[in-house]
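Colleague: Just one file: coords-v4.cif, with mmCIF, C-alpha atoms.
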data_query
#
loop_
_atom_site.label_atom_id
_atom_site.label_comp_id
_atom_site.auth_asym_id
_atom_site.auth_seq_id
_atom_site.Cartn_x
_atom_site.Cartn_y
_atom_site.Cartn_z
CA MET A 861 106.27 -195.08 120.72
CA ALA A 862 108.94 -196.84 118.70
CA ILE A 863 109.26 -194.14 116.10
CA GLN A 864 112.25 -191.98 115.27
CA ARG A 865 110.72 -188.51 114.86
CA PRO A 866 107.19 -188.40 116.22
CA PHE A 867 104.93 -185.67 114.85
CA ARG A 868 101.57 -185.02 116.46
CA LEU A 869 98.81 -184.59 113.86
CA CYS A 870 95.92 -183.80 116.21
CA SER A 871 93.83 -185.41 118.90
CA LEU A 872 91.49 -188.29 118.14
CA ALA A 873 88.59 -186.11 119.23
CA GLU A 874 89.58 -183.38 116.78
CA LEU A 875 89.83 -185.82 113.87
CA GLN A 876 86.46 -187.28 114.80
CA ALA A 877 85.00 -183.80 114.69
CA ARG A 878 86.68 -182.83 111.41
CA GLU A 879 85.86 -186.17 109.67
CA VAL A 880 88.91 -185.84 107.44
CA ALA A 881 91.86 -183.48 107.66
CA GLY A 882 94.99 -182.63 105.74
CA PHE A 883 98.33 -181.99 107.43
CA ASP A 884 101.58 -180.32 106.40
CA PRO A 885 104.14 -181.69 108.88
CA LEU A 886 107.12 -180.69 106.72
CA ALA A 887 105.85 -177.10 106.28
CA ARG A 888 105.98 -177.30 102.50
CA GLY A 889 102.93 -175.08 102.04
CA ARG A 890 100.63 -177.93 100.95
CA ASP A 891 99.11 -180.77 102.94
CA ALA A 892 101.37 -183.79 102.48
CA LEU A 893 98.97 -186.30 104.00
CA LEU A 894 95.35 -186.77 104.98
CA ALA A 895 93.94 -188.57 107.99
CA LEU A 896 90.44 -189.82 108.60
CA ILE A 897 88.51 -192.24 110.76
CA SER A 898 86.74 -195.16 109.11
CA ASP A 899 85.25 -198.15 110.95
CA GLU A 900 86.56 -196.62 114.19
CA GLN A 901 90.15 -196.87 112.93
CA VAL A 902 92.47 -193.99 112.11
CA HIS A 903 93.85 -194.08 108.58
CA ALA A 904 96.43 -191.75 107.06
CA TYR A 905 97.51 -191.61 103.45
CA LEU A 906 99.98 -189.62 101.43
CA ASN A 907 98.14 -186.81 99.62
CA ARG A 908 99.37 -187.97 96.25
CA CYS A 909 97.13 -189.58 93.63
CA PRO A 910 98.53 -192.85 92.20
CA HIS A 911 97.36 -191.67 88.76
CA GLU A 912 99.45 -188.51 88.67
CA PRO A 913 101.59 -187.19 91.53
CA VAL A 914 99.30 -184.35 92.52
CA ALA A 915 97.39 -183.29 95.62
CA MET A 916 93.86 -184.65 95.56
CA GLU A 917 91.69 -182.13 97.43
CA TYR A 918 89.96 -179.21 95.71
CA ARG A 919 90.44 -177.02 98.79
CA LYS A 920 91.55 -177.41 102.42
CA ASP A 921 90.32 -180.77 103.81
CA LYS A 922 87.99 -181.45 100.84
CA PHE A 923 89.10 -185.02 100.24
CA LEU A 924 85.78 -186.88 100.35
CA SER A 925 83.12 -187.56 97.74
CA GLY A 926 79.87 -185.69 98.21
CA LYS A 927 78.19 -188.59 99.97
CA ARG A 928 81.30 -189.09 102.16
CA GLN A 929 81.67 -192.72 100.97
CA HIS A 930 85.08 -192.41 99.37
CA ILE A 931 88.31 -190.48 99.34
CA MET A 932 88.30 -188.69 96.01
CA CYS A 933 90.92 -187.11 93.80
CA PHE A 934 89.36 -183.93 92.45
CA ALA A 935 91.82 -183.74 89.56
CA HIS A 936 90.29 -186.63 87.61
CA GLY A 937 87.57 -188.09 89.83
CA ALA A 938 89.38 -191.21 91.12
CA ARG A 939 87.66 -192.79 94.14
CA PHE A 940 89.41 -194.70 96.92
CA GLU A 941 88.13 -196.86 99.77
CA LYS A 942 88.53 -195.00 103.03
CA ASP A 943 89.82 -197.97 105.04
CA THR A 944 92.20 -199.46 102.45
CA GLY A 945 93.14 -196.60 100.11
CA LEU A 946 92.35 -198.85 97.13
CA CYS A 947 91.16 -197.06 93.97
CA ILE A 948 87.81 -198.53 92.98
CA HIS A 949 86.92 -196.06 90.21
CA GLY A 950 88.93 -193.84 87.94
CA PRO A 951 92.22 -193.65 86.12
CA CYS A 952 94.24 -195.45 88.81
CA LEU A 953 91.77 -198.34 89.25
CA GLY A 954 93.35 -201.12 91.33
CA LYS A 955 96.20 -198.96 92.63
CA SER A 956 96.30 -197.69 96.20
CA LEU A 957 97.08 -194.54 98.08
CA GLN A 958 100.31 -194.84 100.04
CA ARG A 959 99.48 -195.48 103.68
CA ILE A 960 101.29 -193.55 106.42
CA THR A 961 101.48 -195.41 109.73
CA THR A 962 99.69 -193.72 112.60
CA HIS A 963 100.32 -194.19 116.31
CA ILE A 964 97.83 -193.32 119.03
CA GLN A 965 99.10 -192.23 122.44
CA ASP A 966 97.10 -190.58 125.20
CA GLY A 967 94.31 -189.68 122.78
CA ASP A 968 96.63 -188.05 120.24
CA ILE A 969 97.54 -189.19 116.72
CA TYR A 970 101.20 -189.28 115.73
CA ILE A 971 103.16 -190.16 112.59
CA ASP A 972 106.87 -190.70 112.09
CA LEU A 973 108.33 -187.81 110.12
CA GLU A 974 111.03 -190.13 108.79
CA GLU A 975 108.38 -192.31 107.16
CA LEU A 976 106.80 -189.24 105.56
CA ILE A 977 110.15 -187.97 104.28
CA GLN A 978 110.95 -191.37 102.77
CA ALA A 979 107.48 -191.74 101.18
CA MET B 394 79.17 -178.29 58.78
CA ASN B 395 79.47 -174.89 60.34
CA ILE B 396 79.84 -175.78 64.01
CA ILE B 397 81.14 -172.74 65.90
CA GLY B 398 82.35 -174.43 69.06
CA LEU B 399 81.26 -175.22 72.58
CA GLU B 400 78.03 -173.62 73.75
CA THR B 401 77.39 -175.31 77.12
CA LEU B 402 78.83 -178.11 79.24
CA VAL B 403 76.30 -179.93 81.42
CA PHE B 404 77.45 -181.70 84.60
CA SER B 405 75.76 -183.71 87.31
CA VAL B 406 77.35 -183.03 90.68
CA GLU B 407 77.23 -184.20 94.27
CA GLU B 408 78.09 -180.92 95.96
CA LEU B 409 76.03 -178.23 94.25
CA GLU B 410 76.93 -175.53 96.74
CA ALA B 411 80.67 -176.16 96.47
CA CYS B 412 80.44 -176.22 92.66
CA CYS B 413 78.57 -172.91 92.68
CA ALA B 414 81.23 -171.40 94.93
CA PHE B 415 84.00 -172.65 92.63
CA LEU B 416 82.40 -171.43 89.40
CA SER B 417 81.60 -168.07 90.95
CA ASP B 418 85.16 -167.63 92.25
CA TYR B 419 86.41 -168.75 88.81
CA GLY B 420 84.71 -165.63 87.47
CA LEU B 421 81.55 -166.87 85.77
CA HIS B 422 78.17 -165.16 86.20
CA CYS B 423 75.49 -167.16 88.01
CA VAL B 424 72.39 -166.48 85.92
CA SER B 425 70.07 -169.02 87.56
CA GLN B 426 70.21 -171.15 90.67
CA SER B 427 67.81 -173.47 92.48
CA ALA B 428 68.19 -176.21 95.07
CA SER B 429 69.04 -178.69 92.31
CA SER B 430 70.50 -176.73 89.37
CA ALA B 431 72.55 -173.70 88.44
CA ARG B 432 73.84 -172.06 85.28
CA PHE B 433 77.06 -170.06 85.07
CA GLU B 434 77.83 -167.95 82.01
CA ALA B 435 80.92 -166.33 80.52
CA GLU B 436 80.77 -162.88 78.96
CA ASP B 437 79.39 -164.22 75.66
CA GLY B 438 76.73 -166.47 77.23
CA THR B 439 78.58 -169.77 76.77
CA ALA B 440 78.05 -171.67 79.97
CA VAL B 441 78.44 -174.47 82.45
CA GLU B 442 75.26 -176.02 83.84
CA ILE B 443 75.35 -178.10 87.00
CA HIS B 444 72.57 -180.34 88.28
CA THR B 445 72.15 -182.71 91.17
CA ASP B 446 71.87 -186.40 90.26
CA ASP B 447 68.10 -186.52 90.71
CA VAL B 448 67.29 -183.89 88.09
CA ALA B 449 65.14 -185.47 85.37
CA GLY B 450 66.10 -185.37 81.74
CA LEU B 451 69.89 -185.49 82.02
CA PRO B 452 71.58 -187.79 79.53
CA LYS B 453 72.38 -191.10 81.22
CA THR B 454 75.88 -192.17 82.21
CA ASP B 455 77.30 -194.96 84.32
CA ILE B 456 80.06 -192.64 85.57
CA PRO B 457 79.24 -191.59 89.13
CA SER B 458 78.64 -187.90 89.74
CA PRO B 459 80.31 -185.51 89.51
CA ALA B 460 80.40 -186.20 85.78
CA LEU B 461 80.07 -184.47 82.42
CA ARG B 462 76.60 -185.38 81.14
CA GLU B 463 76.36 -183.48 77.86
CA THR B 464 78.53 -181.38 75.56
CA VAL B 465 76.46 -178.79 73.70
CA TYR B 466 77.87 -177.33 70.47
CA GLY B 467 76.64 -174.13 68.85
CA VAL B 468 76.07 -173.94 65.10
CA VAL B 469 75.46 -170.94 62.84
CA SER B 470 72.00 -171.83 61.50
CA ALA B 471 69.18 -174.35 61.48
CA SER B 472 70.39 -175.65 58.11
CA VAL B 473 73.56 -176.87 59.82
CA LEU B 474 71.40 -178.81 62.25
CA ASP B 475 69.78 -180.48 59.23
CA GLU B 476 73.21 -181.44 57.89
CA ILE B 477 74.25 -182.88 61.25
CA ARG B 478 70.99 -184.78 61.60
CA GLN B 479 71.32 -186.27 58.12
CA GLU B 480 74.90 -187.36 58.70
CA LEU B 481 74.53 -188.82 62.18
CA SER B 482 71.16 -190.48 61.54
CA LYS B 483 73.02 -192.87 59.24
CA ASP B 484 74.28 -194.90 62.17
CA ARG B 485 72.73 -193.65 65.42
CA GLU B 486 69.62 -192.26 67.00
CA VAL B 487 69.35 -188.46 66.79
CA LEU B 488 66.60 -186.90 68.88
CA CYS B 489 65.24 -183.41 68.29
CA ASP B 490 63.96 -181.19 71.11
CA GLU B 491 60.93 -178.94 70.87
CA ASP B 492 63.34 -176.04 70.42
CA GLY B 493 65.18 -177.81 67.61
CA THR B 494 68.22 -178.91 69.62
CA LEU B 495 69.64 -182.23 68.43
CA HIS B 496 70.80 -184.87 70.91
CA CYS B 497 72.89 -187.96 70.22
CA VAL B 498 75.82 -189.97 71.59
CA ASP B 499 79.29 -190.11 70.04
CA ASP B 500 81.28 -193.31 69.46
CA GLU B 501 82.88 -193.09 72.92
CA GLY B 502 79.60 -192.67 74.80
CA PHE B 503 79.75 -188.88 75.29
CA ALA B 504 76.31 -187.32 75.00
CA LEU B 505 76.30 -184.46 72.49
CA ALA B 506 73.82 -181.76 71.62
CA PHE B 507 73.75 -179.27 68.76
CA LYS B 508 71.79 -176.03 68.73
CA VAL B 509 71.76 -172.73 66.92
CA SER B 510 74.23 -170.64 68.88
CA SER B 511 72.92 -167.87 71.11
CA ARG B 512 76.36 -166.49 71.90
CA ARG B 513 76.37 -162.75 72.54
CA PRO B 514 78.89 -160.61 70.60
CA LEU B 515 82.04 -160.07 72.66
CA GLN B 516 83.44 -156.61 73.32
CA ALA B 517 86.79 -157.45 74.89
CA ARG B 518 89.63 -155.03 75.45
CA PRO B 519 92.79 -155.78 73.47
CA ASP B 520 95.95 -157.05 75.15
CA LEU B 521 98.51 -154.54 73.93
CA THR B 522 102.25 -155.16 74.27
CA ASN B 523 105.14 -152.76 73.77
CA THR B 524 108.14 -154.44 72.15
CA PRO B 525 111.44 -152.68 71.42
CA GLY B 526 112.02 -152.64 67.66
CA HIS B 527 108.31 -152.73 66.95
CA ALA B 528 105.82 -149.86 66.89
CA PRO B 529 104.22 -149.56 70.36
CA GLN B 530 100.86 -151.22 70.60
CA ARG B 531 99.87 -149.34 73.73
CA PRO B 532 99.72 -145.55 73.44
CA VAL B 533 101.92 -143.29 75.56
CA ASN B 534 100.57 -142.55 79.03
CA GLN B 535 98.30 -145.62 79.01
CA PRO B 536 99.35 -147.98 81.85
CA GLY B 537 99.31 -151.63 80.96
CA VAL B 538 98.32 -152.73 84.45
CA ASP B 539 95.14 -151.77 86.26
CA PRO B 540 94.84 -153.82 89.46
CA GLN B 541 91.13 -152.96 89.69
CA ARG B 542 90.29 -154.46 86.29
CA PRO B 543 88.88 -157.96 86.73
CA ALA B 544 89.98 -160.86 84.52
CA LYS B 545 86.71 -162.35 83.30
CA PRO B 546 86.15 -165.61 81.43
CA LEU B 547 85.12 -164.49 77.94
CA THR B 548 83.97 -167.65 76.18
CA LEU B 549 84.09 -171.44 76.47
CA SER B 550 87.37 -172.58 74.98
CA HIS B 551 87.76 -176.35 74.94
CA VAL B 552 86.89 -179.66 76.53
CA VAL B 553 89.12 -182.71 76.87
CA TYR B 554 87.85 -186.28 76.87
CA PHE B 555 89.37 -189.55 77.97
CA VAL B 556 88.66 -191.92 75.06
CA ASN B 557 89.37 -195.59 74.55
CA ASN B 558 89.97 -195.40 70.79
CA ALA B 559 91.32 -192.02 69.71
CA ALA B 560 91.47 -192.89 66.00
CA LYS B 561 87.83 -193.94 65.95
CA ALA B 562 86.81 -190.88 67.98
CA GLU B 563 88.77 -188.60 65.62
CA ALA B 564 87.01 -190.16 62.62
CA PHE B 565 83.63 -189.48 64.22
CA TYR B 566 84.38 -185.78 64.68
CA GLU B 567 85.78 -185.56 61.14
CA ARG B 568 82.30 -186.58 59.96
CA LEU B 569 81.08 -183.39 61.69
CA GLY B 570 83.62 -181.25 59.85
CA PHE B 571 86.25 -181.08 62.59
CA ARG B 572 89.92 -180.89 61.54
CA THR B 573 92.97 -181.99 63.46
CA SER B 574 95.33 -179.10 64.27
CA ASP B 575 98.08 -181.06 66.02
CA ARG B 576 98.53 -184.44 67.62
CA PHE B 577 100.35 -186.04 70.52
CA GLU B 578 101.54 -189.42 69.24
CA GLY B 579 99.84 -192.31 70.96
CA VAL B 580 97.62 -189.90 72.89
CA GLY B 581 95.19 -188.13 70.59
CA PRO B 582 94.26 -185.17 68.39
CA PHE B 583 93.59 -181.50 69.01
CA MET B 584 90.53 -180.71 66.85
CA ARG B 585 88.67 -177.61 65.76
CA PRO B 586 85.25 -177.43 64.11
CA ALA B 587 84.76 -175.78 60.71
CA GLY B 588 83.21 -172.65 62.17
CA SER B 589 86.13 -171.83 64.46
CA ASP B 590 89.74 -170.86 63.81
CA ASP B 591 90.83 -171.65 67.40
CA HIS B 592 93.57 -174.30 67.52
CA HIS B 593 91.22 -176.65 69.32
CA CYS B 594 87.91 -176.86 71.10
CA LEU B 595 88.32 -180.61 71.61
CA PHE B 596 91.31 -182.66 72.67
CA MET B 597 91.14 -186.39 73.25
CA ILE B 598 93.42 -188.58 75.34
CA GLU B 599 93.47 -192.31 74.62
CA THR B 600 93.30 -194.31 77.82
CA PRO B 601 92.42 -197.86 78.94
CA PRO B 602 88.69 -198.70 79.07
CA PHE B 603 88.34 -197.98 82.77
CA VAL B 604 89.47 -194.37 82.30
CA ARG B 605 86.56 -192.39 80.99
CA GLY B 606 84.84 -189.05 81.17
CA CYS B 607 85.91 -185.44 81.06
CA GLU B 608 89.59 -184.75 81.69
CA HIS B 609 89.15 -180.97 81.93
CA PHE B 610 87.54 -177.93 80.35
CA THR B 611 88.39 -174.25 80.16
CA PHE B 612 87.24 -170.78 79.26
CA HIS B 613 89.34 -168.22 77.38
CA LEU B 614 90.55 -165.18 79.27
CA GLY B 615 91.78 -162.04 77.53
CA SER B 616 95.55 -162.52 77.86
CA GLY B 617 98.38 -164.38 79.52
CA THR B 618 98.46 -161.67 82.17
CA GLU B 619 94.80 -162.36 82.89
CA VAL B 620 95.51 -166.09 83.31
CA LEU B 621 98.13 -165.26 85.93
CA GLN B 622 95.88 -162.66 87.56
CA ALA B 623 92.75 -164.84 87.68
CA GLY B 624 94.67 -167.92 88.81
CA THR B 625 96.40 -165.98 91.58
CA GLN B 626 93.01 -164.76 92.76
CA LEU B 627 91.43 -168.23 92.58
CA ALA B 628 94.32 -169.73 94.56
CA SER B 629 94.07 -166.94 97.14
CA LYS B 630 90.44 -167.98 97.68
CA GLY B 631 91.60 -171.45 98.71
CA TRP B 632 91.15 -173.49 95.50
CA ASN B 633 93.98 -175.93 94.81
CA SER B 634 96.16 -175.61 91.74
CA PHE B 635 96.62 -178.79 89.69
CA TRP B 636 99.13 -177.66 87.03
CA GLY B 637 100.42 -174.26 86.09
CA PRO B 638 100.70 -171.48 85.34
CA GLY B 639 102.53 -172.15 82.13
CA ARG B 640 102.29 -171.93 78.36
CA HIS B 641 101.54 -174.80 76.03
CA ILE B 642 103.39 -175.34 72.76
CA PHE B 643 100.61 -176.91 70.66
CA GLY B 644 98.04 -174.10 70.53
CA SER B 645 100.43 -171.67 72.30
CA ASN B 646 97.76 -171.05 74.93
CA TRP B 647 98.65 -169.95 78.44
CA PHE B 648 97.28 -172.34 81.03
CA TRP B 649 96.56 -172.74 84.72
CA TYR B 650 94.57 -175.75 85.94
CA PHE B 651 92.76 -176.17 89.28
CA ASN B 652 91.18 -179.14 91.02
CA SER B 653 87.44 -178.66 91.28
CA PRO B 654 84.36 -180.20 92.90
CA LEU B 655 83.04 -180.91 89.38
CA GLY B 656 85.18 -184.06 89.34
CA CYS B 657 87.64 -182.86 86.74
CA HIS B 658 90.13 -180.06 86.83
CA ILE B 659 89.23 -176.74 85.29
CA GLU B 660 91.61 -174.48 83.40
CA TYR B 661 92.06 -170.82 82.58
CA ASP B 662 93.50 -170.33 79.10
CA ALA B 663 94.36 -167.40 76.83
CA ASP B 664 95.99 -166.40 73.57
CA MET B 665 95.42 -169.60 71.64
CA ASP B 666 96.75 -169.92 68.07
CA LYS B 667 94.39 -169.48 65.12
CA HIS B 668 94.44 -171.76 62.09
CA ASP B 669 92.78 -172.30 58.75
CA ASP B 670 92.68 -175.30 56.45
CA GLU B 671 96.13 -174.47 55.05
CA TRP B 672 97.68 -175.50 58.38
CA ALA B 673 99.53 -178.82 58.36
CA ALA B 674 99.04 -180.70 61.62
CA ARG B 675 102.18 -181.29 63.66
CA GLN B 676 102.78 -184.26 65.87
CA ALA B 677 105.06 -184.95 68.78
CA PRO B 678 105.46 -187.49 71.54
CA LEU B 679 103.86 -186.30 74.77
CA SER B 680 106.43 -185.15 77.31
CA ALA B 681 107.04 -182.37 79.79
CA ASP B 682 109.11 -180.59 77.15
CA THR B 683 106.63 -180.96 74.29
CA SER B 684 103.56 -180.02 76.32
CA GLN B 685 104.79 -176.68 77.68
CA LEU B 686 107.24 -173.88 76.95
CA PHE B 687 107.58 -173.22 80.67
CA LEU B 688 105.89 -174.05 83.94
CA PHE B 689 105.70 -172.12 87.18
CA THR B 690 104.02 -172.60 90.52
CA GLY B 691 101.76 -169.97 92.02
CA THR B 692 102.78 -168.62 95.39
CA ALA B 693 101.50 -166.16 97.96
CA LYS B 694 102.49 -162.56 97.29
CA TRP B 695 105.44 -161.09 99.20
CA VAL B 696 107.83 -158.20 98.67
CA PRO B 697 111.55 -157.84 99.40
CA GLY B 698 111.92 -155.90 102.63
CA GLY B 699 108.40 -156.78 103.69
CA PRO B 700 107.05 -159.42 106.05
CA PRO B 701 107.12 -163.13 105.11
CA PRO B 702 104.29 -164.24 102.79
CA LYS B 703 101.08 -165.46 104.33
CA SER B 704 100.83 -169.22 104.06
CA ALA B 705 98.84 -170.36 100.99
#
How would this structure read if it were set down as structure tokens?
Modeller:
Amino acid sequence: MAIQRPFRLCSLAELQAREVAGFDPLARGRDALLALISDEQVHAYLNRCPHEPVAMEYRKDKFLSGKRQHIMCFAHGARFEKDTGLCIHGPCLGKSLQRITTHIQDGDIYIDLEELIQA
Amino acid sequence: MNIIGLETLVFSVEELEACCAFLSDYGLHCVSQSASSARFEAEDGTAVEIHTDDVAGLPKTDIPSPALRETVYGVVSASVLDEIRQELSKDREVLCDEDGTLHCVDDEGFALAFKVSSRRPLQARPDLTNTPGHAPQRPVNQPGVDPQRPAKPLTLSHVVYFVNNAAKAEAFYERLGFRTSDRFEGVGPFMRPAGSDDHHCLFMIETPPFVRGCEHFTFHLGSGTEVLQAGTQLASKGWNSFWGPGRHIFGSNWFWYFNSPLGCHIEYDADMDKHDDEWAARQAPLSADTSQLFLFTGTAKWVPGGPPPKSA
């Protein structure tokens, strides 16, 4: 992996089982990013709504709309495409969640902590 | 028009079970629940109703659920309903239920209802403070803190709308006897109806056309201490804080907001200012400094000398 400070999020199998999950790699007490699988691809986004800089879930790992179609910000109801992070409804319409690059190695999902710190 | 204030907020939701869990943990009483609907009441009977999308008879909206579907105001008597009907029938359809409740839509597309209030009289304990230089409010030997005493939502406080034309929306509510208490310049007015002295039961935030719906709502608790107590408890049950705790300047109310599965955030508030018609509305630009006296962040309890706090 050509990344400076690899951080293992979880295994692919675990993310498949959890559907969507939040992670706190910097141990700040709140999940800084979320990861999910959509169209068989792993996607990770900063847990920060483009509308206002707040965490989006209403409780641990509750990032998806009720029908599981969209990532949702439960502060104001903004909805985002799972595979692009684009807001398609709500106060940040047309803006996107900030993507965090993921790397898969030996069935595990990694991010670069440096990218998260800079985000 | 003697409108008292909010009686009920009606939502359509996607996750009924999660919403029930949230509203129960928030401190409301579940008075009815089925596979498709539930009603949660504060101490005085003001309420939040939640319904799944497929429930018949909900006012229509093109905002996907979870969404506010109707704002129900309480009035003092049937004659007030007649006044409202006469005024609003001038330029819009006003429907009347079998039980006399009026239904219409405001200029921003929010469905409204008006009914004779069935609020129960409140018997709340006073929040007594001892201040040096002032006669004690709390008698000797009466502790101010009782950890066993729950902080319960007493009554619906206010709702906040995203609106596309705040001036037009303000003019509509003025037709119903609302007055503006204060205003954030370029944002919108805090308004109170004629039958309430609370600083506001409605605040409106002007936004572009694609931003619509309910921004948040809240119930009054008994004191600032109760806001901190209830919010700490809600956070400890795993619900995520959005903003707070803190204390606003306009209205002076304590606040603590939480994300919720109802699609908007939900607040605890307490100790809001009271006004009458002698009050001259203030205005200020919206900023971090004008919107709050102070702001804190909730954290897990710990004690010096004890173990590290449990992670939130």
Colleague: Taking only C-alpha atoms into account, find every residue of chain A that has an atom no more than 6 Å from chain B, and write it out as a list in words.
Modeller: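 Output check: Tyr918, Arg919, Gly926, Phe934, Ala935, His936, Gly937, Gly950 and Pro951 of chain A.
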Colleague: Between CA of Asp682 in chain B and CA of Glu578 in chain B, measure the distance and give it in Å to one decimal.
Modeller: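 CA of Asp682 in chain B sits 14.1 Å away from CA of Glu578 in chain B.
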Colleague: Go through B:Ser430, B:Ser510, B:Ser645, B:Thr618 and flag the residue nearest Thr522 in chain B, using all atoms listed in the file for the distances.
Modeller: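 With all atoms listed in the file as the atom set, the closest residue is B:Thr618.
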Colleague: Considering all atoms listed in the file, state which residue in the set A:Pro910, A:Phe883, A:Ile971, A:Lys942 is at the smallest distance from Gly954 in chain A.
Modeller: A:Pro910
Colleague: Given the choices A:His911, A:Arg868, A:His903, A:Lys920, which gets closest to Asp966 in chain A if the distance is worked out from only C-alpha atoms?
Modeller: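 Once distances to Asp966 in chain A are computed over only C-alpha atoms, the minimum belongs to A:Arg868.
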Colleague: Report as number ranges by chain the residues that result from applying the PyMOL selection byres ((chain A and resi 884) around 12) to the structure here.
Modeller: A: 867-870, 881-883, 885-895, 906-907, 915, 920-921, 971, 973, 976-977; B: 704-705
Colleague: Can you list, as a list of chain:residue names, the residues that the PyMOL selection byres ((chain A and resi 975) around 10) selects here?
Modeller: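 Written out, the selection comes to A:Ile863, A:Gln864, A:Arg865, A:Pro866, A:Ile960, A:Thr961, A:Ile971, A:Asp972, A:Leu973, A:Glu974, A:Leu976, A:Ile977, A:Gln978, A:Ala979.
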Colleague: Residues as selected, C-alpha atoms, written as a PDB file, keeping the file's coordinate frame, can you do that?
Modeller:
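Result written to again06.pdb:
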ATOM      1  CA  ILE A 863     109.260-194.140 116.100  1.00  0.00           C
ATOM      2  CA  GLN A 864     112.250-191.980 115.270  1.00  0.00           C
ATOM      3  CA  ARG A 865     110.720-188.510 114.860  1.00  0.00           C
ATOM      4  CA  PRO A 866     107.190-188.400 116.220  1.00  0.00           C
ATOM      5  CA  ILE A 960     101.290-193.550 106.420  1.00  0.00           C
ATOM      6  CA  THR A 961     101.480-195.410 109.730  1.00  0.00           C
ATOM      7  CA  ILE A 971     103.160-190.160 112.590  1.00  0.00           C
ATOM      8  CA  ASP A 972     106.870-190.700 112.090  1.00  0.00           C
ATOM      9  CA  LEU A 973     108.330-187.810 110.120  1.00  0.00           C
ATOM     10  CA  GLU A 974     111.030-190.130 108.790  1.00  0.00           C
ATOM     11  CA  LEU A 976     106.800-189.240 105.560  1.00  0.00           C
ATOM     12  CA  ILE A 977     110.150-187.970 104.280  1.00  0.00           C
ATOM     13  CA  GLN A 978     110.950-191.370 102.770  1.00  0.00           C
ATOM     14  CA  ALA A 979     107.480-191.740 101.180  1.00  0.00           C
TER      15      ALA A 979
END
Colleague: Expressed in Å to a single decimal, how great is the separation between CA of Phe940 in chain A and CA of Leu953 in chain A?
Modeller: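 Taking CA of Phe940 in chain A as the start and CA of Leu953 in chain A as the end point, the length is 8.8 Å.
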Colleague: Once the PyMOL selection byres ((chain B and resi 420) around 12) has been applied to the shown file, what residues remain in the selection, as an MDAnalysis selection string?
Modeller: chainID B and resid 413:419 421:423 433:436 440:441 543:548 611:614 619:620 622:624 626:627 630 660:661
Colleague: Taking into account all atoms listed in the file, which residue in the set B:Gly644, B:Gly493, B:Gly691, B:Gly615 is nearest to His592 in chain B?
Modeller: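 Going through B:Gly644, B:Gly493, B:Gly691, B:Gly615 one by one, the smallest distance to His592 in chain B is for B:Gly644.
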Colleague: Between CA of Glu410 in chain B and CA of His444 in chain B, what is the distance, to one decimal in Å?
Modeller: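 Atom-to-atom, CA of Glu410 in chain B and CA of His444 in chain B are spaced 10.7 Å apart.
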Colleague: Would you pick out the contacts of Phe404 in chain B at 6 Å or less, using all atoms listed in the file, so that residues sharing its chain but fewer than 5 positions from it are not included, and give the list as a list in words?
Modeller: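 Listing them by chain and then by number gives Ile443, Ala460, Leu461 and Arg462 of chain B.
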Colleague: Looking at B:Arg518, B:Pro700, B:Val448, B:Thr683, which one is nearest to Arg542 in chain B, with distances taken over only C-alpha atoms?
Modeller: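 Among the listed residues, the smallest separation from Arg542 in chain B belongs to B:Arg518.
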Colleague: Measuring between all atoms listed in the file, which one of A:Glu941, A:Cys952, A:Pro913, A:Ala877 shows the shortest distance to Gln929 in chain A?
Modeller: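 Closest to Gln929 in chain A, using all atoms listed in the file: A:Glu941.
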